[in-house]
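Participant: My structure is below; once you've seen it, I'll send some questions.
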Amino acid sequence: MSVKNVGLDVEFIRRPWKRCLSMMKNGSVDAIFAALWTKEREAWAAFPKKKDNLKKLDESLSLWDSQYVVFKRVDSELSYSGGKFKNVISGIDAPPGYVAYKMLKDMKVLSRSNNTPEKGLKLVRLKRIDGYVVERNIGNYIINKNKSNDVIDSIGEVFFEGHWFLPFSKKFYKKSPELSSKIWNMIAIMKKKNGSMLIKKYSK
């Protein structure tokens with residue numbers, strides 16, 4: 001772990017994603033794992049920036065380069081192309097609090113389910129919702145684990161791409177900017193060293 005490599009003793013806690021965001025906003029946690037950058041999140045979280053341009057994200061210090069795709073049943077007529085969905089009947093879901101969730105809501109195709117990836121993909125398999133948007137490797141991992149490969153597949157066009165970061169609370173970053181930068185740099189080293197192995201592991 002990157003935090004161990006910098007001699008930091010860390011307590012990890014698991015909470016629903018929307019709760020994680022809320023805890024970060026009110027400063028009750030020092031960091032969240034992991035988050036895409038948005039303008040709204042920039043207001044209450046510190047993301048790694050380029051040394052020569054503090055207004056620009058340093059994507060080389062991200063945890064993961066992610067692709068979010070739409071998973072659907074192989075016999076479904078749901079399609080996505082050019083930023084538009086066709087043949088939406090029961091709606092498309094994504095994890096609550098995710099950027100994808102807001103995008104689907106703005107597009108007026110969001111289902112009323114509000115499910116985790118595990119449950120959401122199960123509802124796709126059961127034909128309860130048309131599709132589910134989640135990071136490609138996470139979705140494939142769940143589908144493979146549940147042996148649903150012959151029932152569920154992703155739509156060819158990527159819904160959107162992004163970079164996962166380990167953002168710190170404004171309070172923590174203000175108090176420990178050097179430590180924050182040290183952790184971000186260690187993350188980049190670990191990603192370069194183990195990234196291919198992790199992708200292989202979670203794509204099986």
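Chains: A, B, ... in order of the structure tokens. Residues: from 1 per chain. Ligands: from 1, in order shown.
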Which residues are close to A:Ser154, i.e. within 9 Å by only C-alpha atoms, leaving aside same-chain residues fewer than 5 positions away? Reply as a PDB file with N, CA and C atoms, in the first residue's frame.
Facilitator:
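Below you can see selection_35.pdb, which holds the result:
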```pdb
ATOM      1  N   VAL A  69     -18.941   2.015 -18.871  1.00  0.00           N
ATOM      2  CA  VAL A  69     -19.706   1.475 -19.994  1.00  0.00           C
ATOM      3  C   VAL A  69     -21.099   1.066 -19.529  1.00  0.00           C
ATOM      4  N   VAL A  70     -21.985   0.879 -20.495  1.00  0.00           N
ATOM      5  CA  VAL A  70     -23.360   0.456 -20.212  1.00  0.00           C
ATOM      6  C   VAL A  70     -23.454  -1.054 -20.390  1.00  0.00           C
ATOM      7  N   PHE A  71     -23.832  -1.744 -19.333  1.00  0.00           N
ATOM      8  CA  PHE A  71     -24.043  -3.189 -19.411  1.00  0.00           C
ATOM      9  C   PHE A  71     -25.526  -3.462 -19.626  1.00  0.00           C
ATOM     10  N   LYS A  72     -25.833  -4.385 -20.531  1.00  0.00           N
ATOM     11  CA  LYS A  72     -27.223  -4.738 -20.829  1.00  0.00           C
ATOM     12  C   LYS A  72     -27.295  -6.221 -21.151  1.00  0.00           C
ATOM     13  N   ARG A  73     -28.514  -6.736 -21.218  1.00  0.00           N
ATOM     14  CA  ARG A  73     -28.697  -8.121 -21.650  1.00  0.00           C
ATOM     15  C   ARG A  73     -28.337  -8.233 -23.132  1.00  0.00           C
ATOM     16  N   VAL A  74     -27.798  -9.369 -23.507  1.00  0.00           N
ATOM     17  CA  VAL A  74     -27.393  -9.563 -24.905  1.00  0.00           C
ATOM     18  C   VAL A  74     -28.604  -9.559 -25.847  1.00  0.00           C
ATOM     19  N   ARG A 136     -15.753  -0.404 -16.342  1.00  0.00           N
ATOM     20  CA  ARG A 136     -15.712  -1.623 -17.142  1.00  0.00           C
ATOM     21  C   ARG A 136     -15.167  -2.834 -16.375  1.00  0.00           C
ATOM     22  N   GLY A 139     -17.533  -4.044 -13.615  1.00  0.00           N
ATOM     23  CA  GLY A 139     -18.675  -4.742 -14.193  1.00  0.00           C
ATOM     24  C   GLY A 139     -18.315  -6.128 -14.685  1.00  0.00           C
ATOM     25  N   ASN A 140     -17.202  -6.234 -15.408  1.00  0.00           N
ATOM     26  CA  ASN A 140     -16.770  -7.540 -15.918  1.00  0.00           C
ATOM     27  C   ASN A 140     -16.453  -8.510 -14.784  1.00  0.00           C
TER      28      ASN A 140
END
```
Participant: Taking only C-alpha atoms into account, produce a table as a tab-separated table in which each residue of stretch 42-99 of chain A with an atom at most 7 Å from an atom of stretch 165-183 of chain A appears once, together with its shortest atom pair and the distance in Å to one decimal, ordered by chain and rising number.
Facilitator:
```
residue	atom	partner	partner_atom	distance
A:Trp44	CA	A:Lys170	CA	6.0
A:Ala45	CA	A:Ser169	CA	4.8
A:Ala46	CA	A:Phe168	CA	5.1
A:Phe47	CA	A:Pro167	CA	5.0
A:Ser62	CA	A:Phe165	CA	4.7
A:Leu63	CA	A:Phe165	CA	5.2
```
Participant: Using only C-alpha atoms, pick whichever of A:Glu59, A:Asp93, A:Glu42, A:Glu11 has the shortest atom-to-atom distance to A:Ile129.
Facilitator: A:Asp93
Participant: Got a sec: who's within 12 Å of A:Met103, counting only C-alpha atoms, leaving out chain neighbours fewer than 3 positions off, as a PyMOL selection string?
Facilitator: chain A and resi 68+83-84+92-100+106-110+133+159-160
Participant: Could you save those same residues with N, CA and C atoms as a short mmCIF file (atom, residue, chain, number, x, y, z; two decimals), in the first residue's frame?
Facilitator:
```cif
data_model
loop_
_atom_site.label_atom_id
_atom_site.label_comp_id
_atom_site.auth_asym_id
_atom_site.auth_seq_id
_atom_site.Cartn_x
_atom_site.Cartn_y
_atom_site.Cartn_z
N TYR A 68 -16.21 3.99 -18.20
CA TYR A 68 -17.55 3.62 -17.74
C TYR A 68 -18.37 3.20 -18.96
N GLY A 83 -23.85 9.89 -27.70
CA GLY A 83 -24.38 10.56 -26.51
C GLY A 83 -25.87 10.40 -26.31
N LYS A 84 -26.50 9.49 -27.07
CA LYS A 84 -27.95 9.29 -26.94
C LYS A 84 -28.30 7.81 -26.80
N ILE A 92 -32.17 3.08 -16.93
CA ILE A 92 -30.78 2.66 -16.75
C ILE A 92 -30.31 3.16 -15.40
N ASP A 93 -29.54 2.36 -14.70
CA ASP A 93 -29.13 2.70 -13.34
C ASP A 93 -27.62 2.84 -13.24
N ALA A 94 -27.17 3.42 -12.14
CA ALA A 94 -25.75 3.56 -11.81
C ALA A 94 -25.66 3.72 -10.30
N PRO A 95 -24.50 3.53 -9.70
CA PRO A 95 -24.38 3.68 -8.25
C PRO A 95 -24.75 5.10 -7.79
N PRO A 96 -25.60 5.24 -6.78
CA PRO A 96 -25.98 6.56 -6.26
C PRO A 96 -24.75 7.37 -5.84
N GLY A 97 -24.72 8.63 -6.24
CA GLY A 97 -23.60 9.49 -5.89
C GLY A 97 -22.51 9.52 -6.95
N TYR A 98 -22.55 8.58 -7.89
CA TYR A 98 -21.55 8.53 -8.96
C TYR A 98 -21.82 9.61 -10.00
N VAL A 99 -20.79 10.01 -10.71
CA VAL A 99 -20.93 10.96 -11.81
C VAL A 99 -21.88 10.39 -12.86
N ALA A 100 -21.78 9.08 -13.12
CA ALA A 100 -22.66 8.43 -14.10
C ALA A 100 -24.12 8.54 -13.70
N ASP A 106 -29.69 13.54 -15.73
CA ASP A 106 -29.80 14.70 -16.62
C ASP A 106 -30.32 14.31 -17.99
N MET A 107 -30.02 13.07 -18.41
CA MET A 107 -30.48 12.58 -19.71
C MET A 107 -31.91 12.04 -19.65
N LYS A 108 -32.46 12.02 -18.42
CA LYS A 108 -33.84 11.55 -18.17
C LYS A 108 -34.05 10.09 -18.55
N VAL A 109 -33.03 9.27 -18.31
CA VAL A 109 -33.16 7.83 -18.57
C VAL A 109 -32.87 7.01 -17.30
N LEU A 110 -32.69 7.70 -16.18
CA LEU A 110 -32.36 7.02 -14.93
C LEU A 110 -33.54 6.22 -14.41
N VAL A 133 -24.72 1.29 -15.61
CA VAL A 133 -23.45 1.92 -15.94
C VAL A 133 -22.48 1.79 -14.77
N PHE A 159 -19.44 5.01 -22.37
CA PHE A 159 -20.35 6.05 -21.87
C PHE A 159 -19.55 7.31 -21.53
N PHE A 160 -18.49 7.15 -20.77
CA PHE A 160 -17.52 8.23 -20.56
C PHE A 160 -16.25 7.68 -19.94
#
```
Participant: Just how far from atom CA of A:Glu161 is atom CA of A:Phe12, in Å to one decimal?
Facilitator: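 Computing it gives 27.0 Å between the two atoms.
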Participant: What is the distance between atom CA of A:Thr116 and atom CA of A:Trp17, in Å to one decimal?
Facilitator: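 Atom CA of A:Trp17 lies 9.6 Å from atom CA of A:Thr116.
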Participant: As a VMD selection string, please: every residue in stretch 94-125 of chain A that DSSP puts in helix (DSSP H, G or I).
Facilitator: chain A and resid 99 to 106 117 to 125
Participant: To test your reading of the structure, identify every residue in stretch 159-189 of chain A that backbone DSSP assigns to strand (DSSP E or B), and report it as a list in words.
Facilitator: Phe160, Glu161, Gly162, His163, Trp164, Phe165, Phe168 and Ser169 of chain A
Participant: Write the residues of the preceding selection, restricted to C-alpha atoms, as an mmCIF file, in the first residue's frame.
Facilitator:
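Result file follows (again21.cif):
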```
data_model
loop_
_atom_site.group_PDB
_atom_site.id
_atom_site.type_symbol
_atom_site.label_atom_id
_atom_site.label_comp_id
_atom_site.auth_asym_id
_atom_site.auth_seq_id
_atom_site.Cartn_x
_atom_site.Cartn_y
_atom_site.Cartn_z
ATOM 1 C CA PHE A 160 -17.522 8.231 -20.560
ATOM 2 C CA GLU A 161 -13.880 8.046 -19.518
ATOM 3 C CA GLY A 162 -12.216 9.465 -16.440
ATOM 4 C CA HIS A 163 -9.452 9.189 -13.888
ATOM 5 C CA TRP A 164 -9.876 7.896 -10.367
ATOM 6 C CA PHE A 165 -8.016 9.915 -7.756
ATOM 7 C CA PHE A 168 -7.885 14.594 0.404
ATOM 8 C CA SER A 169 -10.129 16.806 2.479
#
```
Participant: Here is a test: counting only C-alpha atoms, which residue of A:Phe85, A:Trp184, A:Arg128, A:Asp150 is nearest to A:Arg112?
Facilitator: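 Using only C-alpha atoms, the shortest distance to A:Arg112 belongs to A:Arg128.
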Participant: With distances taken over only C-alpha atoms, which of A:Ser90, A:Asn115, A:Ser60, A:Asn144 is nearest to A:Ser76?
Facilitator: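 For A:Ser76, the nearest of the given residues is A:Ser90.
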